[in-house]
Structures are given as structure tokens and as C-alpha cells.
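Student: Next up is a structure, given as C-alpha cells.
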Amino acid sequence: MKIAVLPGDGIGTEIVAEAVKVLNSLDLKFEMEEAPVGGAAYDAHGHPLPDSTLKLAQQADAILFGAVGDWKYDKLDRPLRPEQAILGLRKHLGLFANFRPAICYEQLTHASSLKPELVAGLDILIIRELTGDIYFGQPRGRRVAPDGHFPGAEEAFDTMRYSRPEVERIARVAFEAARKRSKRLTSVDKANVLETFQLWKDVVTEVHKDYPDVALDHMYVDNAAMQLVKEPKRFDVVVTGNMFGDILSDEASMLTGSIGMLPSASLNDKKQGLYEPSHGSAPDIAGKGVANPLATILSAAMMLRFSLNKPEAADRIESAVKKVLAQGLRTPDIYSEGTTKVGTREMGEAVVKALG
Ligand code: NAD
């Protein structure tokens, strides 16, 4: 089992170190190799995704990724910015299916910005298509407007596009996932306005014929954004496109109290995957030893389940995380009165101890 370890920037190095500690405490043999990515790779090699890092990632069964980005790189040309490394990995590895669970742990119900009764027991899974849509569609660029409201003015444009096979494969992933849960799937679109999402809706409806045991409903993205804060427990599995998924999954993450708790997995059709916390590199707290490593540790658990076929080891990690929360240990982002504030390292070590 070969794991490429790409810590990246900011808190990435701190939180990945804890996840590696947890993995090394299991009775399993991994080959782990580390490489720079993002701003760290730009500093070392002049590119956010150097060939050597990409090659390592391609040869690995799974990638454990921290986070990339820092304001100091904001002035670089777009292709050299740290965030391009993630887009590059998604594209080169064909990581089209992004799984983002939003689980509200019993002990953290009060940390949510919503009333406890709205989020207690919340356990939803957002599946976001990751390699298409307006983030990758061509053409895109800046130019002098040939027409429109202000012909002759400077304008910028991007292209939203999805093909039938792209929608079909993510729909199948979502129906399969729903089948393993409560058999309810919500497909989120904007078919009332966008051609792209009318095709999306048509294809999802067609694929549904192969999954008659799953209840499917369609919802416009604006309504989905509203329902997520009004009645989040009405959802179980949600599938949507790249841009809507980007926004809705961050919204869902806040329901759970802290983005520091949320793992994610991005898979290709060979089950090779990139596992990373849902948050970014948090430059505001980097180097202070206070970042919550649990999202990354839980991402390592997803890696064991989805790419390395070790579901028992994944269960062990997830139970250990529940145990440390029950013990009252909290990093500052999830701290509340009556609990014990700990740093990144102490939290990682507590999870190792709780593995039993
Ligand atoms: P962010 O997720 O890094 O931080 C948002 C807020 O959440 C900050 O206040 C931060 O301190 C807090 N936070 C995030 N993770 C935390 C953790 N584990 N424990 C405690 N608190 C945590 O988002 P941002 O500030 O918008 O972006 C910072 C940088 O990260 C930018 O350069 C951005 O482009 C990049 N980014 C990278 C990824 C990625 O690597 N996948 C994702 C999002 C943003």
C-alpha cells in the first residue's frame, strides 16, 4: 500500500504529521513517501505541482494531502498559484468524484451556528463532480467585449459545460452511495436557467431507472442552499456539479460546528484517491500548533476505507476520534466551557492512544 504524503502549506504540515502518526500506529504496513506541493513546491521547484510530485501521486494507491495556499502567492500568475496543484492532481488522476460527509458529532452539537435540534444527529454526504463544469470549461479568458451590454469594454468569461458521460458516471457513484445509506438521493441543479443543468437533470433521471430502490428528488441550487440551513436533516446523499458542490459543501460543513472536523475523498474510476481535509491552509493560525487535525485524521480513515480496502482500520480511527471528543479534548476551534483545550499535537497523540 503506497501512500503519497503531500503536506503542502500553512497548517498542512502540522495536521498531516498527526494523521501520519495515527496511520503508523495501526498494525499495517504502508510505504509512505513525502513530496512538496503548492506554495512549498513553488518555493523549492518553481511550480506548485512539480513533475516529481505528480509522478509520486500517480504511482501511489492513495494521496494524503494537507492544504495549499498562502496570501503571499496571490500575486503569482494563475498557473503558478498553489491552488493549481489541486486542480492539476484532479485532472491528471481523473479524480471526478468528491465525497464530503458532514457529520455533527453528538458532543459538538452546540458548536454549530444552528439550533442544536436542527443539527443533532446530522449525517449527510455531499457528492460533488470534480473535473468538469465552469472550473474547467473552455474557452475562458479576458478580452474586449464583442457584444453584450457594454461592447468594447474589457470583459472576462468562463464556460459552464457537462457532457452526458460525465454526468452519468457521477450519477452512478451517487446512486451507489445512496444505496449503501438511507436510499435517498437529492440531485441539485439549476435546470430552470442553465442548459448545462437541464442536461444534468435529464441524465440523472435516466440513470435513476437503474436504481429503482433509491428515492430521487431534484432541487434547484438556490433552494438547496436555503434548505441546508432551514432543515438540513431532510437530506441524506446530495449530488451536484463542481461549482454548486464547492459552495454547498462548505455551507454544510459549517452546520457541523467546525470545518476542522470534516474529511474529504476524491476518487477516480480505479478507486485511487486523494484524501484531504475540507478546509484550506489557514495561514492565520499556521505555525501556532492550534489547528484541528481531526479532519485530516478522518480523511486518513476514508483513505483506508475507499482506496486501501481496510474498513476495520478506518472504523478504529473513527471510533478513536469519537472517544477523544467524549473525553472532552478540544482544539480551540471546537472549544467550549467545561472541555479541555489542547493543541494539534496533543489531539493527534490522544487519537493514537484511543486507538486501543
Ligand atoms: P481556510 O479553510 O484555510 O480557513 C478558513 C478559517 O477556518 C480560518 O479562520 C482558519 O483559521 C479556520 N480553519 C481552517 N482549518 C482549520 C483547522 N484545521 N483548525 C482550526 N481552524 C481552521 O480558508 P481561507 O482562509 O479562505 O483560505 C486560506 C488559504 O487556503 C488560501 O490560500 C486558499 O486558497 C487556500 N485553500 C486551500 C484549500 C485546499 O488546499 N484544498 C481549500 C480552501 C482554501
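Each chain in the C-alpha cells gets a letter, A, B and so on, in the order shown; residues start at 1 in every chain, and ligands are counted from 1 in the order they appear.
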Can you pull out the residues contacting A:Leu248? Cut-off 12 Å, using only C-alpha atoms, and skip same-chain residues under 6 positions away; I want them as a PyMOL selection string.
Tutor: chain A and resi 100-102+124-128+188-189+220-229+232+238-242+254-255
Student: Export, as a PDB file, in the first residue's frame, the selected residues with C-alpha atoms.
Tutor:
```pdb
ATOM      1  CA  ARG A 100     -17.731  15.257   1.584  1.00  0.00           C
ATOM      2  CA  PRO A 101     -19.551  13.912   4.604  1.00  0.00           C
ATOM      3  CA  ALA A 102     -20.955  16.472   7.040  1.00  0.00           C
ATOM      4  CA  ILE A 124     -25.225  13.921   5.228  1.00  0.00           C
ATOM      5  CA  LEU A 125     -22.968  13.138   2.315  1.00  0.00           C
ATOM      6  CA  ILE A 126     -22.381  15.645  -0.444  1.00  0.00           C
ATOM      7  CA  ILE A 127     -21.037  14.173  -3.674  1.00  0.00           C
ATOM      8  CA  ARG A 128     -19.568  16.826  -5.910  1.00  0.00           C
ATOM      9  CA  VAL A 188     -29.083  19.679  -7.123  1.00  0.00           C
ATOM     10  CA  ASP A 189     -29.184  21.694 -10.345  1.00  0.00           C
ATOM     11  CA  TYR A 220     -32.655  23.936  -7.530  1.00  0.00           C
ATOM     12  CA  VAL A 221     -29.395  25.099  -6.033  1.00  0.00           C
ATOM     13  CA  ASP A 222     -30.846  28.274  -4.508  1.00  0.00           C
ATOM     14  CA  ASN A 223     -33.480  26.237  -2.689  1.00  0.00           C
ATOM     15  CA  ALA A 224     -30.844  23.674  -1.626  1.00  0.00           C
ATOM     16  CA  ALA A 225     -28.744  26.449  -0.088  1.00  0.00           C
ATOM     17  CA  MET A 226     -31.815  27.561   1.850  1.00  0.00           C
ATOM     18  CA  GLN A 227     -32.928  24.072   2.920  1.00  0.00           C
ATOM     19  CA  LEU A 228     -29.436  23.263   4.182  1.00  0.00           C
ATOM     20  CA  VAL A 229     -29.804  25.881   6.898  1.00  0.00           C
ATOM     21  CA  PRO A 232     -30.583  20.066   6.971  1.00  0.00           C
ATOM     22  CA  VAL A 238     -26.725  15.055  -2.304  1.00  0.00           C
ATOM     23  CA  VAL A 239     -25.140  15.005  -5.758  1.00  0.00           C
ATOM     24  CA  THR A 240     -24.293  18.121  -7.706  1.00  0.00           C
ATOM     25  CA  GLY A 241     -21.883  19.776 -10.122  1.00  0.00           C
ATOM     26  CA  ASN A 242     -18.474  21.185  -9.413  1.00  0.00           C
ATOM     27  CA  MET A 254     -20.480  24.909   8.989  1.00  0.00           C
ATOM     28  CA  LEU A 255     -23.612  23.099  10.170  1.00  0.00           C
TER      29      LEU A 255
END
```
Student: Please extract the residues at most 9 Å from ligand 1, counting only C-alpha atoms and all ligand atoms, and provide them as a PyMOL selection string, using the chain letters and residue numbers of this document.
Tutor: chain A and resi 8-12+15+38+65-74+81-83+85-86+258-262+276-286+290-296+331-334+344
Student: Restricting the calculation to only C-alpha atoms, which member of A:Ala97, A:Ala354, A:Ala191, A:Val237 is positioned closest to A:Arg179?
Tutor: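 Nearest candidate to A:Arg179 out of A:Ala97, A:Ala354, A:Ala191, A:Val237: A:Val237.
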Student: Ranking A:Gly39, A:Phe136, A:Leu56, A:Leu49 by minimum distance to A:Leu76 and counting only C-alpha atoms, which one comes first?
Tutor: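 Counting only C-alpha atoms, the residue closest to A:Leu76 is A:Gly39.
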Student: What lies within 9 Å of A:Ala265 using only C-alpha atoms, ignoring chain neighbours under 2 positions off, as a PyMOL selection string?
Tutor: chain A and resi 97-100+263+267+273-277+299+302-303+306
Student: Mind checking which residues fall within 8 Å of stretch 199-204 of chain A, counting only C-alpha atoms, ignoring those fewer than 5 positions away in the same chain, and posting them as a list in words?
Tutor: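 Near stretch 199-204 of chain A, the qualifying residues are Tyr162, Arg164, Val167, Glu168, Ala171, Ser187, Asp189, Ala191 and His218 of chain A.
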Student: Which residues, written as an MDAnalysis selection string, have at least one atom at most 8 Å from A:Ala60, with only C-alpha atoms counted and residues fewer than 3 positions away on the same chain left out?
Tutor: chainID A and resid 1:4 56:57 63 272
Student: For the selection just defined, write its residues with N, CA, C and O atoms to a file, as a PDB file, in the first residue's frame.
Tutor:
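Once written, part.pdb looks like this:
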```pdb
ATOM      1  N   MET A   1       0.859  -1.177   0.000  1.00  0.00           N
ATOM      2  CA  MET A   1       0.000   0.000   0.000  1.00  0.00           C
ATOM      3  C   MET A   1       0.896   1.228   0.000  1.00  0.00           C
ATOM      4  O   MET A   1       1.579   1.509   0.981  1.00  0.00           O
ATOM      5  N   LYS A   2       0.900   1.900  -1.120  1.00  0.00           N
ATOM      6  CA  LYS A   2       1.775   3.059  -1.234  1.00  0.00           C
ATOM      7  C   LYS A   2       0.972   4.355  -1.069  1.00  0.00           C
ATOM      8  O   LYS A   2      -0.011   4.572  -1.772  1.00  0.00           O
ATOM      9  N   ILE A   3       1.428   5.184  -0.139  1.00  0.00           N
ATOM     10  CA  ILE A   3       0.737   6.451   0.108  1.00  0.00           C
ATOM     11  C   ILE A   3       1.680   7.607  -0.213  1.00  0.00           C
ATOM     12  O   ILE A   3       2.799   7.663   0.310  1.00  0.00           O
ATOM     13  N   ALA A   4       1.234   8.502  -1.072  1.00  0.00           N
ATOM     14  CA  ALA A   4       1.987   9.727  -1.319  1.00  0.00           C
ATOM     15  C   ALA A   4       1.532  10.746  -0.278  1.00  0.00           C
ATOM     16  O   ALA A   4       0.332  11.001  -0.144  1.00  0.00           O
ATOM     17  N   LEU A  56       4.930  10.811  -8.267  1.00  0.00           N
ATOM     18  CA  LEU A  56       4.730  10.088  -6.998  1.00  0.00           C
ATOM     19  C   LEU A  56       3.232   9.850  -6.764  1.00  0.00           C
ATOM     20  O   LEU A  56       2.803   8.753  -6.400  1.00  0.00           O
ATOM     21  N   ALA A  57       2.445  10.897  -7.004  1.00  0.00           N
ATOM     22  CA  ALA A  57       0.994  10.794  -6.795  1.00  0.00           C
ATOM     23  C   ALA A  57       0.384   9.760  -7.734  1.00  0.00           C
ATOM     24  O   ALA A  57      -0.481   8.967  -7.345  1.00  0.00           O
ATOM     25  N   ILE A  63      -3.365   9.309  -1.943  1.00  0.00           N
ATOM     26  CA  ILE A  63      -2.603  10.517  -1.614  1.00  0.00           C
ATOM     27  C   ILE A  63      -3.191  11.117  -0.349  1.00  0.00           C
ATOM     28  O   ILE A  63      -4.405  11.352  -0.273  1.00  0.00           O
ATOM     29  N   GLN A 272      -8.446   4.964  -6.943  1.00  0.00           N
ATOM     30  CA  GLN A 272      -7.286   5.695  -6.465  1.00  0.00           C
ATOM     31  C   GLN A 272      -7.852   7.016  -5.952  1.00  0.00           C
ATOM     32  O   GLN A 272      -8.774   7.565  -6.570  1.00  0.00           O
TER      33      GLN A 272
END
```
Student: Just list as a PyMOL selection string whatever in stretch 209-330 of chain A DSSP marks as helix (DSSP H, G or I).
Tutor: chain A and resi 221-230+232-234+242-255+259-261+294-306+311-326
Student: Keeping C-alpha atoms, export the residues of the selection given above as an mmCIF file, in the first residue's frame.
Tutor:
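Below is the file result-v4.cif, written as the result:
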```cif
data_model
loop_
_atom_site.group_PDB
_atom_site.id
_atom_site.type_symbol
_atom_site.label_atom_id
_atom_site.label_comp_id
_atom_site.auth_asym_id
_atom_site.auth_seq_id
_atom_site.Cartn_x
_atom_site.Cartn_y
_atom_site.Cartn_z
ATOM 1 C CA VAL A 221 -29.395 25.099 -6.033
ATOM 2 C CA ASP A 222 -30.846 28.274 -4.508
ATOM 3 C CA ASN A 223 -33.480 26.237 -2.689
ATOM 4 C CA ALA A 224 -30.844 23.674 -1.626
ATOM 5 C CA ALA A 225 -28.744 26.449 -0.088
ATOM 6 C CA MET A 226 -31.815 27.561 1.850
ATOM 7 C CA GLN A 227 -32.928 24.072 2.920
ATOM 8 C CA LEU A 228 -29.436 23.263 4.182
ATOM 9 C CA VAL A 229 -29.804 25.881 6.898
ATOM 10 C CA LYS A 230 -33.565 25.511 7.371
ATOM 11 C CA PRO A 232 -30.583 20.066 6.971
ATOM 12 C CA LYS A 233 -31.693 16.654 8.204
ATOM 13 C CA ARG A 234 -34.104 16.342 5.271
ATOM 14 C CA ASN A 242 -18.474 21.185 -9.413
ATOM 15 C CA MET A 243 -19.312 24.804 -8.609
ATOM 16 C CA PHE A 244 -22.584 24.225 -6.736
ATOM 17 C CA GLY A 245 -20.890 21.407 -4.819
ATOM 18 C CA ASP A 246 -17.997 23.651 -3.875
ATOM 19 C CA ILE A 247 -20.343 26.149 -2.281
ATOM 20 C CA LEU A 248 -22.923 23.790 -0.764
ATOM 21 C CA SER A 249 -20.322 21.524 0.810
ATOM 22 C CA ASP A 250 -18.717 24.481 2.601
ATOM 23 C CA GLU A 251 -22.154 25.594 3.760
ATOM 24 C CA ALA A 252 -22.880 22.077 5.022
ATOM 25 C CA SER A 253 -19.546 21.972 6.798
ATOM 26 C CA MET A 254 -20.480 24.909 8.989
ATOM 27 C CA LEU A 255 -23.612 23.099 10.170
ATOM 28 C CA ILE A 259 -14.528 22.986 9.197
ATOM 29 C CA GLY A 260 -11.653 21.475 11.203
ATOM 30 C CA MET A 261 -13.706 18.276 11.639
ATOM 31 C CA LEU A 294 -9.203 15.669 13.145
ATOM 32 C CA ALA A 295 -10.394 16.402 9.593
ATOM 33 C CA THR A 296 -7.087 15.109 8.260
ATOM 34 C CA ILE A 297 -7.105 12.100 10.581
ATOM 35 C CA LEU A 298 -10.671 11.310 9.450
ATOM 36 C CA SER A 299 -9.517 11.724 5.825
ATOM 37 C CA ALA A 300 -6.893 9.040 6.513
ATOM 38 C CA ALA A 301 -9.757 6.832 7.729
ATOM 39 C CA MET A 302 -11.637 7.445 4.451
ATOM 40 C CA MET A 303 -8.443 6.514 2.603
ATOM 41 C CA LEU A 304 -8.285 3.178 4.411
ATOM 42 C CA ARG A 305 -11.936 2.517 3.574
ATOM 43 C CA PHE A 306 -12.136 3.647 -0.059
ATOM 44 C CA PRO A 311 -12.506 -0.826 6.539
ATOM 45 C CA GLU A 312 -11.767 -2.208 10.034
ATOM 46 C CA ALA A 313 -8.789 0.125 10.387
ATOM 47 C CA ALA A 314 -10.999 3.011 9.219
ATOM 48 C CA ASP A 315 -13.584 2.100 11.875
ATOM 49 C CA ARG A 316 -10.835 2.051 14.527
ATOM 50 C CA ILE A 317 -9.749 5.590 13.668
ATOM 51 C CA GLU A 318 -13.325 6.920 13.579
ATOM 52 C CA SER A 319 -14.095 5.326 16.957
ATOM 53 C CA ALA A 320 -10.869 6.786 18.382
ATOM 54 C CA VAL A 321 -11.922 10.279 17.242
ATOM 55 C CA LYS A 322 -15.328 9.853 18.923
ATOM 56 C CA LYS A 323 -13.530 8.682 22.068
ATOM 57 C CA VAL A 324 -11.282 11.753 22.314
ATOM 58 C CA LEU A 325 -14.296 14.015 21.823
ATOM 59 C CA ALA A 326 -16.120 12.117 24.576
#
```
Student: I need the residue nearest A:Glu106 from this list: A:Ser266, A:Ser163, A:Thr256, A:Ser336. Use only C-alpha atoms for the distance.
Tutor: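 The answer is A:Thr256, which sits nearest to A:Glu106.
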